[in-house]
Structures are given as structure tokens and as C-alpha cells.
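Data block for query.txt (compact mmCIF, C-alpha atoms):
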# COMPACT_ATOMS: atom_id res chain seq x y z
CA MET C 961 -57.13 6.69 77.34
CA HIS C 962 -53.87 4.82 77.93
CA ARG C 963 -52.73 6.53 81.06
CA ALA C 964 -52.00 3.17 82.63
CA SER C 965 -49.17 2.74 80.21
CA LEU C 966 -47.45 5.73 81.78
CA ALA C 967 -46.66 3.41 84.66
CA LEU C 968 -44.41 1.39 82.39
CA LEU C 969 -41.47 3.52 83.37
CA ALA C 970 -41.08 5.74 86.38
CA MET C 971 -37.38 6.29 86.46
CA LEU C 972 -35.36 9.34 87.25
CA TRP C 973 -32.17 9.73 85.35
CA ALA C 974 -29.41 12.19 84.74
CA PRO C 975 -29.94 15.09 82.33
CA ALA C 976 -29.73 14.27 78.67
CA PRO C 977 -26.55 15.15 76.85
CA GLY C 978 -26.52 17.64 74.03
CA LEU C 979 -25.30 17.16 70.53
CA ALA C 980 -23.11 19.68 68.81
CA HIS C 981 -23.49 20.36 65.12
CA ASP C 982 -20.13 20.94 63.48
CA GLY C 983 -21.65 21.71 60.11
CA ALA C 984 -18.69 20.10 58.41
CA SER C 985 -19.43 16.53 57.51
CA HIS C 986 -22.52 15.10 55.93
CA ARG C 987 -23.75 11.59 55.88
CA PRO C 988 -23.51 9.45 52.82
CA SER C 989 -26.81 8.91 51.08
CA PRO C 990 -28.55 5.62 51.71
CA ALA C 991 -27.29 4.49 48.34
CA GLU C 992 -23.79 4.78 49.73
CA ALA C 993 -24.65 2.85 52.85
CA ALA C 994 -22.40 0.16 54.17
CA PRO C 995 -22.45 -3.25 52.55
CA GLY C 996 -24.85 -5.49 54.39
CA ALA C 997 -27.18 -2.66 55.20
CA GLU C 998 -30.72 -3.90 54.87
CA ALA C 999 -33.38 -2.24 52.83
CA LEU C 1000 -36.68 -1.25 54.33
CA PRO C 1001 -39.26 -4.00 54.57
CA PHE C 1002 -41.41 -2.16 52.04
CA PRO C 1003 -40.63 0.23 49.18
CA VAL C 1004 -40.94 3.81 50.39
CA ASP C 1005 -38.40 6.58 50.01
CA ILE C 1006 -37.72 7.85 53.52
CA ARG C 1007 -34.46 9.11 54.94
CA PRO C 1008 -33.29 11.46 57.67
CA ASP C 1009 -33.30 15.11 56.62
CA PHE C 1010 -33.58 17.63 59.42
CA ASP C 1011 -32.05 20.77 60.86
CA LEU C 1012 -33.33 21.14 64.41
CA THR C 1013 -32.37 22.05 67.97
CA ASP C 1014 -31.81 19.63 70.82
CA GLN C 1015 -32.73 20.03 74.47
CA SER C 1016 -29.37 21.62 75.19
CA GLY C 1017 -29.95 24.31 72.59
CA ASN C 1018 -27.50 22.89 70.07
CA ARG C 1019 -28.25 22.82 66.36
CA VAL C 1020 -28.51 19.21 65.20
CA THR C 1021 -28.82 17.77 61.71
CA GLU C 1022 -28.82 14.20 60.51
CA ALA C 1023 -25.09 14.56 59.85
CA ASP C 1024 -24.44 14.75 63.56
CA PHE C 1025 -25.51 11.15 63.92
CA ALA C 1026 -23.04 9.83 61.36
CA GLY C 1027 -21.50 6.63 62.64
CA ARG C 1028 -24.19 6.08 65.23
CA PRO C 1029 -27.40 4.14 64.75
CA ILE C 1030 -30.52 5.81 66.04
CA ALA C 1031 -34.04 4.79 67.06
CA LEU C 1032 -36.29 7.64 65.98
CA PHE C 1033 -39.82 8.46 67.04
CA PHE C 1034 -42.09 11.41 66.29
CA GLY C 1035 -44.10 12.50 69.31
CA TYR C 1036 -44.45 15.08 72.03
CA ALA C 1037 -43.66 15.29 75.70
CA ASN C 1038 -47.24 15.76 76.88
CA CYS C 1039 -48.65 12.91 74.81
CA GLU C 1040 -50.63 10.43 76.87
CA ALA C 1041 -51.35 8.09 74.00
CA ILE C 1042 -48.82 6.29 71.83
CA CYS C 1043 -45.81 8.29 73.06
CA SER C 1044 -46.34 6.95 76.57
CA VAL C 1045 -46.01 3.49 75.08
CA ALA C 1046 -43.34 3.97 72.43
CA LEU C 1047 -40.83 6.07 74.35
CA PRO C 1048 -40.62 3.71 77.35
CA THR C 1049 -40.41 0.79 74.93
CA ILE C 1050 -37.48 2.35 73.07
CA ALA C 1051 -35.79 3.25 76.34
CA GLU C 1052 -36.19 -0.20 77.83
CA ALA C 1053 -35.07 -1.86 74.61
CA VAL C 1054 -31.86 0.18 74.53
CA THR C 1055 -31.26 -0.57 78.20
CA ARG C 1056 -31.84 -4.29 77.66
CA LEU C 1057 -29.07 -4.31 75.06
CA GLY C 1058 -26.56 -3.32 77.75
CA PRO C 1059 -23.21 -1.99 76.54
CA GLU C 1060 -24.20 -2.69 72.94
CA GLY C 1061 -27.26 -0.53 73.39
CA ALA C 1062 -25.04 2.41 74.23
CA ARG C 1063 -24.22 2.60 70.53
CA ILE C 1064 -27.84 3.40 69.73
CA THR C 1065 -29.11 6.92 70.26
CA PRO C 1066 -32.82 7.21 71.01
CA VAL C 1067 -34.29 10.33 69.42
CA MET C 1068 -37.69 12.00 69.58
CA ILE C 1069 -38.62 14.71 67.09
CA THR C 1070 -41.46 16.72 68.53
CA VAL C 1071 -44.71 17.48 66.75
CA ASP C 1072 -45.55 20.11 69.39
CA PRO C 1073 -42.94 22.88 69.11
CA GLU C 1074 -45.04 25.39 70.99
CA ARG C 1075 -44.76 23.43 74.22
CA ASP C 1076 -41.69 21.31 73.48
CA THR C 1077 -39.07 24.01 73.72
CA PRO C 1078 -35.48 22.90 74.39
CA GLU C 1079 -35.96 23.76 78.05
CA ALA C 1080 -39.20 21.79 78.29
CA LEU C 1081 -37.64 18.79 76.57
CA ALA C 1082 -34.66 18.94 78.94
CA ARG C 1083 -37.08 18.71 81.84
CA SER C 1084 -39.38 16.02 80.48
CA LEU C 1085 -37.33 13.54 78.47
CA PRO C 1086 -34.94 12.25 81.15
CA ARG C 1087 -37.86 10.43 82.72
CA TYR C 1088 -37.73 8.11 79.75
CA HIS C 1089 -34.00 7.68 79.21
CA PRO C 1090 -30.89 9.70 80.09
CA ARG C 1091 -29.65 9.63 76.51
CA LEU C 1092 -32.96 10.36 74.81
CA VAL C 1093 -32.31 13.25 72.44
CA GLY C 1094 -35.25 15.57 71.96
CA LEU C 1095 -35.33 17.68 68.82
CA THR C 1096 -37.48 20.72 68.23
CA GLY C 1097 -37.50 23.68 65.90
CA SER C 1098 -39.66 25.98 63.86
CA PRO C 1099 -42.91 24.60 62.44
CA GLU C 1100 -41.31 24.73 59.00
CA ALA C 1101 -38.18 22.84 60.08
CA LEU C 1102 -40.26 20.20 61.82
CA ALA C 1103 -42.50 19.85 58.78
CA GLN C 1104 -39.41 19.21 56.69
CA ALA C 1105 -38.32 16.49 59.10
CA ARG C 1106 -41.76 14.86 58.98
CA ASP C 1107 -41.91 15.08 55.21
CA ALA C 1108 -38.64 13.17 54.99
CA PHE C 1109 -40.35 10.31 56.82
CA GLN C 1110 -43.81 10.79 55.27
CA VAL C 1111 -45.22 11.43 58.73
CA GLU C 1112 -48.38 13.44 59.32
CA ALA C 1113 -49.08 15.45 62.46
CA THR C 1114 -52.29 17.35 63.12
CA GLU C 1115 -53.90 18.93 66.14
CA VAL C 1116 -57.17 17.05 66.50
CA ALA C 1117 -58.61 18.23 69.80
CA ARG C 1118 -58.02 20.04 73.07
CA ASP C 1119 -57.94 18.24 76.41
CA ALA C 1120 -59.85 19.29 79.52
CA ALA C 1121 -57.08 21.73 80.36
CA GLY C 1122 -57.29 23.28 76.92
CA GLU C 1123 -53.98 21.81 75.79
CA PRO C 1124 -53.66 20.42 72.26
CA ILE C 1125 -53.88 16.74 71.42
CA PHE C 1126 -51.99 15.75 68.29
CA ALA C 1127 -52.57 12.95 65.84
CA HIS C 1128 -49.22 11.80 64.56
CA GLY C 1129 -47.48 8.82 63.06
CA GLY C 1130 -46.52 6.34 65.72
CA PHE C 1131 -43.94 4.01 64.24
CA ILE C 1132 -40.34 3.59 65.41
CA TYR C 1133 -37.67 4.13 62.77
CA LEU C 1134 -34.43 2.17 63.05
CA ILE C 1135 -31.72 4.10 61.23
CA GLY C 1136 -28.27 2.72 60.57
CA GLU C 1137 -25.00 4.45 61.19
CA MET C 1138 -24.82 5.60 57.58
CA GLY C 1139 -28.22 7.23 57.71
CA GLU C 1140 -30.15 4.48 56.01
CA VAL C 1141 -33.57 3.58 57.39
CA ARG C 1142 -33.34 -0.13 58.09
CA SER C 1143 -36.71 -0.89 59.56
CA VAL C 1144 -39.97 0.60 60.72
CA LEU C 1145 -41.47 -1.00 63.80
CA PRO C 1146 -45.01 -0.76 65.13
CA PRO C 1147 -44.78 0.53 68.71
CA ILE C 1148 -47.03 -2.24 69.95
CA LEU C 1149 -44.07 -4.61 70.04
CA GLY C 1150 -42.71 -5.22 73.52
CA PRO C 1151 -39.30 -3.94 74.65
CA GLU C 1152 -37.72 -7.38 74.43
CA ARG C 1153 -38.80 -7.78 70.81
CA VAL C 1154 -37.77 -4.24 69.92
CA ALA C 1155 -34.36 -4.85 71.49
CA GLU C 1156 -34.00 -8.00 69.43
CA LEU C 1157 -34.85 -6.15 66.23
CA MET C 1158 -32.56 -3.28 67.16
CA ARG C 1159 -29.75 -5.80 67.51
CA ARG C 1160 -30.61 -7.42 64.21
CA HIS C 1161 -30.98 -4.24 62.18
CA LEU C 1162 -28.69 -1.75 63.91
CA LEU C 1163 -25.91 -3.66 65.61
CA VAL C 1164 -25.19 -6.55 63.26
CA ASN C 1165 -23.73 -5.66 59.90
CA MET U 287 -55.26 -20.83 70.19
CA ASN U 288 -56.55 -17.32 70.46
CA ARG U 289 -55.69 -14.68 67.94
CA ARG U 290 -53.33 -12.75 70.16
CA LEU U 291 -51.33 -15.85 70.93
CA GLY U 292 -51.26 -16.62 67.24
CA MET U 293 -49.76 -13.24 66.48
CA ALA U 294 -47.31 -13.59 69.35
CA PHE U 295 -46.14 -16.89 67.94
CA ALA U 296 -45.82 -15.34 64.51
CA LEU U 297 -43.65 -12.58 65.95
CA LEU U 298 -41.62 -15.13 67.86
CA ALA U 299 -41.12 -17.18 64.73
CA GLY U 300 -39.87 -14.06 63.02
CA ALA U 301 -37.35 -13.63 65.78
CA PHE U 302 -35.67 -16.89 64.88
CA SER U 303 -35.94 -16.68 61.15
CA GLY U 304 -32.35 -15.65 60.71
CA GLY U 305 -31.05 -12.67 58.82
CA ALA U 306 -33.67 -10.37 57.38
CA ALA U 307 -33.72 -10.44 53.64
CA ILE U 308 -35.07 -7.67 51.51
CA ALA U 309 -38.80 -8.11 51.61
CA GLU U 310 -40.66 -8.75 48.41
CA GLY U 311 -44.26 -7.73 48.13
CA ASP U 312 -47.14 -9.95 47.21
CA PRO U 313 -50.48 -8.77 45.90
CA VAL U 314 -53.19 -9.57 48.42
CA SER U 315 -56.87 -9.14 49.09
CA VAL U 316 -57.61 -9.08 52.81
CA THR U 317 -61.09 -9.27 54.27
CA GLY U 318 -61.57 -8.49 57.91
CA GLU U 319 -62.09 -5.78 60.50
CA VAL U 320 -60.13 -2.57 60.90
CA ILE U 321 -58.78 -2.65 64.46
CA ASP U 322 -56.85 -0.74 67.08
CA THR U 323 -53.71 -2.85 67.36
CA TRP U 324 -52.52 -1.59 70.74
CA CYS U 325 -55.67 -2.50 72.62
CA TYR U 326 -55.97 -5.74 70.70
CA PHE U 327 -52.49 -7.03 71.49
CA SER U 328 -51.81 -5.46 74.86
CA GLY U 329 -54.99 -6.67 76.50
CA VAL U 330 -55.06 -3.53 78.65
CA MET U 331 -58.69 -2.82 77.81
CA GLY U 332 -60.03 -6.36 77.86
CA GLY U 333 -60.02 -9.60 75.95
CA PRO U 334 -59.70 -9.77 72.18
CA GLU U 335 -63.43 -10.15 71.60
CA ALA U 336 -64.15 -7.00 73.63
CA VAL U 337 -61.68 -4.68 71.90
CA VAL U 338 -63.08 -5.06 68.41
CA GLY U 339 -66.35 -4.07 66.83
CA SER U 340 -68.87 -1.57 68.08
CA ALA U 341 -67.89 -1.99 71.75
CA HIS U 342 -64.45 -0.59 71.11
CA HIS U 343 -65.23 1.78 68.29
CA THR U 344 -64.84 5.03 70.23
CA CYS U 345 -61.55 4.00 71.82
CA ALA U 346 -60.31 2.77 68.46
CA MET U 347 -61.03 6.18 66.97
CA TRP U 348 -59.08 7.90 69.75
CA CYS U 349 -56.23 5.45 69.35
CA ALA U 350 -56.01 5.85 65.59
CA ALA U 351 -56.00 9.62 65.94
CA GLY U 352 -53.35 9.37 68.63
CA GLY U 353 -50.87 7.42 66.55
CA ILE U 354 -51.70 3.85 67.54
CA PRO U 355 -51.11 1.74 64.44
CA VAL U 356 -54.25 0.64 62.69
CA GLY U 357 -54.50 -2.96 61.60
CA VAL U 358 -56.76 -5.26 59.70
CA LEU U 359 -57.80 -8.39 61.59
CA ALA U 360 -58.46 -10.90 58.84
CA ASP U 361 -61.02 -13.62 59.14
CA ASP U 362 -58.28 -16.20 59.71
CA GLY U 363 -56.93 -14.25 62.70
CA THR U 364 -53.93 -12.75 60.93
CA VAL U 365 -53.27 -9.12 61.76
CA TYR U 366 -51.94 -6.81 59.07
CA MET U 367 -50.31 -3.49 60.02
CA VAL U 368 -51.57 -0.81 57.65
CA MET U 369 -48.65 1.22 56.34
CA LYS U 370 -50.37 2.99 53.46
CA TRP U 371 -54.04 3.73 53.01
CA GLN U 372 -55.61 4.32 49.64
CA GLY U 373 -55.14 7.88 48.46
CA ASP U 374 -53.08 8.99 51.45
CA PRO U 375 -49.41 9.80 50.87
CA ALA U 376 -48.36 9.49 54.52
CA ILE U 377 -47.17 6.34 56.23
CA ALA U 378 -49.53 4.88 58.83
CA ASP U 379 -51.62 8.03 59.06
CA GLY U 380 -54.34 7.09 61.51
CA THR U 381 -56.44 10.13 60.72
CA ALA U 382 -56.85 8.91 57.14
CA MET U 383 -58.37 5.70 58.43
CA LEU U 384 -60.82 7.11 60.95
CA ASP U 385 -63.79 6.68 58.66
CA ALA U 386 -63.09 2.98 58.36
CA GLN U 387 -62.29 2.22 61.99
CA SER U 388 -64.09 -0.95 63.20
CA HIS U 389 -65.51 -1.52 59.72
CA ARG U 390 -65.48 -4.82 57.96
CA ILE U 391 -63.60 -4.25 54.74
CA THR U 392 -61.94 -5.95 51.86
CA ALA U 393 -58.63 -4.27 51.15
CA LYS U 394 -56.57 -4.89 48.06
CA GLY U 395 -52.92 -4.02 48.05
CA THR U 396 -49.43 -5.35 48.57
CA LEU U 397 -48.15 -7.34 51.51
CA TYR U 398 -44.57 -7.19 52.77
CA VAL U 399 -43.52 -9.54 55.54
CA ARG U 400 -40.40 -9.13 57.65
CA ASP U 401 -39.52 -10.04 61.19
CA GLY U 402 -42.90 -11.71 61.48
CA ILE U 403 -44.67 -8.39 60.87
CA ASN U 404 -47.23 -8.07 58.09
CA TYR U 405 -46.89 -4.64 56.48
CA LEU U 406 -49.90 -3.90 54.28
CA MET U 407 -49.93 -1.19 51.65
CA VAL U 408 -53.59 -0.67 50.84
CA ALA U 409 -54.20 0.43 47.28
CA GLU U 410 -57.95 0.05 47.22
CA ILE U 411 -60.85 -0.60 49.55
CA ALA U 412 -62.80 -3.01 47.42
CA ALA U 413 -65.66 -3.34 49.90
CA ASP U 414 -66.72 -1.55 53.07
CA ASP U 415 -69.61 -3.11 54.95
CA GLY U 416 -69.44 -0.67 57.84
CA ILE U 417 -69.50 -1.83 61.45
CA VAL U 418 -71.00 -5.29 61.42
CA ASN U 419 -69.50 -6.66 64.64
CA ARG U 420 -72.07 -5.55 67.23
CA SER U 421 -69.85 -6.39 70.17
CA HIS U 422 -71.45 -3.70 72.34
CA GLU U 423 -74.42 -6.01 72.78
CA ASP U 424 -72.16 -8.30 74.82
CA PHE U 425 -69.60 -5.91 76.26
CA GLY U 426 -71.11 -2.43 76.31
CA VAL U 427 -68.60 0.36 75.72
CA VAL U 428 -65.01 -0.83 76.12
CA PRO U 429 -63.49 0.86 77.99
CA PRO U 430 -66.41 2.78 79.53
CA PHE U 431 -64.35 5.97 79.80
CA ALA U 432 -63.78 6.02 76.04
CA ILE U 433 -66.84 8.26 75.87
CA PRO U 434 -66.01 11.33 77.95
CA GLU U 435 -68.54 12.64 80.43
CA LEU U 436 -69.78 16.09 79.51
Translate the structure of the given file into C-alpha cells.
Amino acid sequence: MHRASLALLAMLWAPAPGLAHDGASHRPSPAEAAPGAEALPFPVDIRPDFDLTDQSGNRVTEADFAGRPIALFFGYANCEAICSVALPTIAEAVTRLGPEGARITPVMITVDPERDTPEALARSLPRYHPRLVGLTGSPEALAQARDAFQVEATEVARDAAGEPIFAHGGFIYLIGEMGEVRSVLPPILGPERVAELMRRHLLVN
Amino acid sequence: MNRRLGMAFALLAGAFSGGAAIAEGDPVSVTGEVIDTWCYFSGVMGGPEAVVGSAHHTCAMWCAAGGIPVGVLADDGTVYMVMKWQGDPAIADGTAMLDAQSHRITAKGTLYVRDGINYLMVAEIAADDGIVNRSHEDFGVVPPFAIPEL
């Protein structure tokens, strides 16, 4: 379908870093977010709420991102549709922001835990960005994460190789350093525009 | 000015609109065609007239199922990103909109605009005329590989 978009990024980077979960601190609720934090562009109640495992095998919850803005996407490593558009877009947008972009952590929560094990994510995600954090977990834990963002994911077909194809929400969530969702971007925006909106919503308070 | 350029200008205008205020919704009634926004804006599958209607229906179904945001291309060329679809609790759930892909509809709901992006929360499909844009008569199947060979 959109295999051509895979050519958007063919870079080889260093292995992604892991995130350690200290289990000690928890983020303030969005209601406690920093002054100046913007509300979502439309009234829905979504917020980070997950307890998953990253590609280094570390337990990661939303609390581990306290103090760091994130760009979150739900997808899977073998996706040849929207993921092959959104993940390179997020990666290029963060790169375009230069040193400022280093404050933003790109994150993908998988919808395909059977194939996206920590080891598989560690192999596949660096092709998008060296700091892209991949999160996986049990079907129940991933369902909880999706529920928090009102995201659906369903296996809709099998490809010629017999591998599953998933339907899943395809928007990019910009989440502030206090855990508040500041914007939801359609992945059809170009990297330059996404970088601009990341700066506006994540880096300027 | 073609529709894609119009949207690009709208997005650009949003880029220079200053700080983003909290969006306030407006009740709207939008009449137009349900479209695959990626193929429409990216141009990767052809011009804007070829990636709407019956010519692009199969690809649009694949795209919606695969997470590509579904939009409504209104008669005036404005594109609305569908965030909620009547009766579906999820955000931008393409599978909930498969039955309406490429259809000409009238959607009633609430519009929120920020950063030049039109977020549409559809409360009700007031009219569904089905696929009325018979673009396959001019363009065939776009892209041809949208229908897999068996």
C-alpha cells in the first residue's frame, strides 16, 4: 500500500537507550500541570496511564517520563501503513529541532505484543531514531494503555506471509513534561510542521 | 487554487497564528465526501481528483483500517479530520468509518480548530448518499495494486 513511504528514512543509528522505572515518584495529574500548559484542542479525557516494558527489558510507567515531554504513537514494528509514515515523521521532527529536540522523547507503544518483544523492538526501532523508546507488555497492560488514550487496535487481516495486519489509531500525541496531553496531531503533517508544533506545545511554556 | 494547496495554506496560516488558545467548539453541519487524508494530501497515489470517489475506494478502505486518519472533504474544499464518529467511543477509529468510506455524507457535530487543523467530532450522520463520485470512470482503480491479485 504505502511501501514507498518506507523510503522516507533509511538511517542506521545507535541502539536505543533503556528507561529504568524507580517506582518511587508519580506524575502530577493533568489538573496539576504547569501554568501555561495548553488544553487539548477538543474535549476528551485522555492521559498517560501505562505499566509496560521497554526494548531494554526495563519496566516503564508514565511516571518515568516526568519532567520530559514525549511524542507518543501507537503502532507496531512490522506496520507498512501509517507507522511507516508517522514514525519517520516524528523522528525527523525531533531531529529538526536540534538540541531542543533532545528534550523530547519519541515513544511507540506497540499494538502487536506477540511480535514486538523487547528484543524485536531493540532490533527494529533504531532504524527510525536512536532515542525512540518502544514499549510492549501483556495484552492486558497494552489494552490499559490504549484505553487511557481511547485508541482501538484490531487485527483485520493477514498478509501474504500470514503475518497479522492491525487496524489502530494513527494520531501523534504530544505530552507535556507534567504528563498532560497538549495536542493530538494527524500523522499526515510533514516533519517540518510537526517540529513546529512540537516546539509550540512541548518546548514553550 | 487546488484543494491541497488550500489546506497547505490553512496549515501554514495556523503556524503563524501565535500562541494556541484553548479551542472552543462550534456546532457544524458538513456536507462532503469521506476521504483518505494521507493519499489526498501526500499526492503519492495521484492528483486530488484521482484519490477520491470510487477510483480510490479500495485504497481508502485499506488506509482507514491501517490507521490513516479519515477526513471529510467538504464541498468548499475544506478538509475536516474526523476525531469521533457517531456511536464509537474511540478517537479516530478508522474501522468504525469503513462503511462510510468514499460516501457523500452530511455530518452534524462539533468543530474544534487549532493550529490550522479542523478537528471534527461527528455526533450524527444526517445523510448518507453512498458513493456518488464515480471517479473510476476517469481514473480506473487508483492505485491499481489496491486490489490484490489472487
Original post:
Which residue gives the smallest distance to Tyr366 (chain U) among U:Gly318, U:Gly352, U:Gly339, U:Gly333, with only C-alpha atoms counted?
Top reply: U:Gly318
Subject >> Expected answer as a PyMOL selection string: chain U residues within 8 Å of chain C, only C-alpha atoms >> reply: chain U and resi 301+305-311+323-324+327-328+345+348-355+367+375-381+398-401+405+431-432
Could you please take those selected residues and save C-alpha atoms as a PDB file, in the coordinates of the input?
ATOM      1  CA  ALA U 301     -37.350 -13.630  65.780  1.00  0.00           C
ATOM      2  CA  GLY U 305     -31.050 -12.670  58.820  1.00  0.00           C
ATOM      3  CA  ALA U 306     -33.670 -10.370  57.380  1.00  0.00           C
ATOM      4  CA  ALA U 307     -33.720 -10.440  53.640  1.00  0.00           C
ATOM      5  CA  ILE U 308     -35.070  -7.670  51.510  1.00  0.00           C
ATOM      6  CA  ALA U 309     -38.800  -8.110  51.610  1.00  0.00           C
ATOM      7  CA  GLU U 310     -40.660  -8.750  48.410  1.00  0.00           C
ATOM      8  CA  GLY U 311     -44.260  -7.730  48.130  1.00  0.00           C
ATOM      9  CA  THR U 323     -53.710  -2.850  67.360  1.00  0.00           C
ATOM     10  CA  TRP U 324     -52.520  -1.590  70.740  1.00  0.00           C
ATOM     11  CA  PHE U 327     -52.490  -7.030  71.490  1.00  0.00           C
ATOM     12  CA  SER U 328     -51.810  -5.460  74.860  1.00  0.00           C
ATOM     13  CA  CYS U 345     -61.550   4.000  71.820  1.00  0.00           C
ATOM     14  CA  TRP U 348     -59.080   7.900  69.750  1.00  0.00           C
ATOM     15  CA  CYS U 349     -56.230   5.450  69.350  1.00  0.00           C
ATOM     16  CA  ALA U 350     -56.010   5.850  65.590  1.00  0.00           C
ATOM     17  CA  ALA U 351     -56.000   9.620  65.940  1.00  0.00           C
ATOM     18  CA  GLY U 352     -53.350   9.370  68.630  1.00  0.00           C
ATOM     19  CA  GLY U 353     -50.870   7.420  66.550  1.00  0.00           C
ATOM     20  CA  ILE U 354     -51.700   3.850  67.540  1.00  0.00           C
ATOM     21  CA  PRO U 355     -51.110   1.740  64.440  1.00  0.00           C
ATOM     22  CA  MET U 367     -50.310  -3.490  60.020  1.00  0.00           C
ATOM     23  CA  PRO U 375     -49.410   9.800  50.870  1.00  0.00           C
ATOM     24  CA  ALA U 376     -48.360   9.490  54.520  1.00  0.00           C
ATOM     25  CA  ILE U 377     -47.170   6.340  56.230  1.00  0.00           C
ATOM     26  CA  ALA U 378     -49.530   4.880  58.830  1.00  0.00           C
ATOM     27  CA  ASP U 379     -51.620   8.030  59.060  1.00  0.00           C
ATOM     28  CA  GLY U 380     -54.340   7.090  61.510  1.00  0.00           C
ATOM     29  CA  THR U 381     -56.440  10.130  60.720  1.00  0.00           C
ATOM     30  CA  TYR U 398     -44.570  -7.190  52.770  1.00  0.00           C
ATOM     31  CA  VAL U 399     -43.520  -9.540  55.540  1.00  0.00           C
ATOM     32  CA  ARG U 400     -40.400  -9.130  57.650  1.00  0.00           C
ATOM     33  CA  ASP U 401     -39.520 -10.040  61.190  1.00  0.00           C
ATOM     34  CA  TYR U 405     -46.890  -4.640  56.480  1.00  0.00           C
ATOM     35  CA  PHE U 431     -64.350   5.970  79.800  1.00  0.00           C
ATOM     36  CA  ALA U 432     -63.780   6.020  76.040  1.00  0.00           C
TER      37      ALA U 432
END
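The nearest approach to Glu1152 (chain C) among the residues C:Ala1053, C:Ala1037, C:Ala1031, C:Leu1012, with only C-alpha atoms taken into account, belongs to C:Ala1053.
Each of U:Ser340, U:Gln372, U:Asn419, U:Thr364 was checked against Ala393 (chain U) using only C-alpha atoms; the smallest atom-to-atom distance is that of U:Gln372.
Interatomic distance, CA of Leu384 (chain U) to CA of Val320 (chain U): 9.7 Å.
For the choices U:Val314, U:Ile403, U:Val365, U:Ile417, the atom-to-atom distance to Tyr326 (chain U) is smallest for U:Val365 when using all atoms listed in the file.
The space separating CA of Pro1029 (chain C) from CA of Gly1136 (chain C) comes to 4.5 Å.
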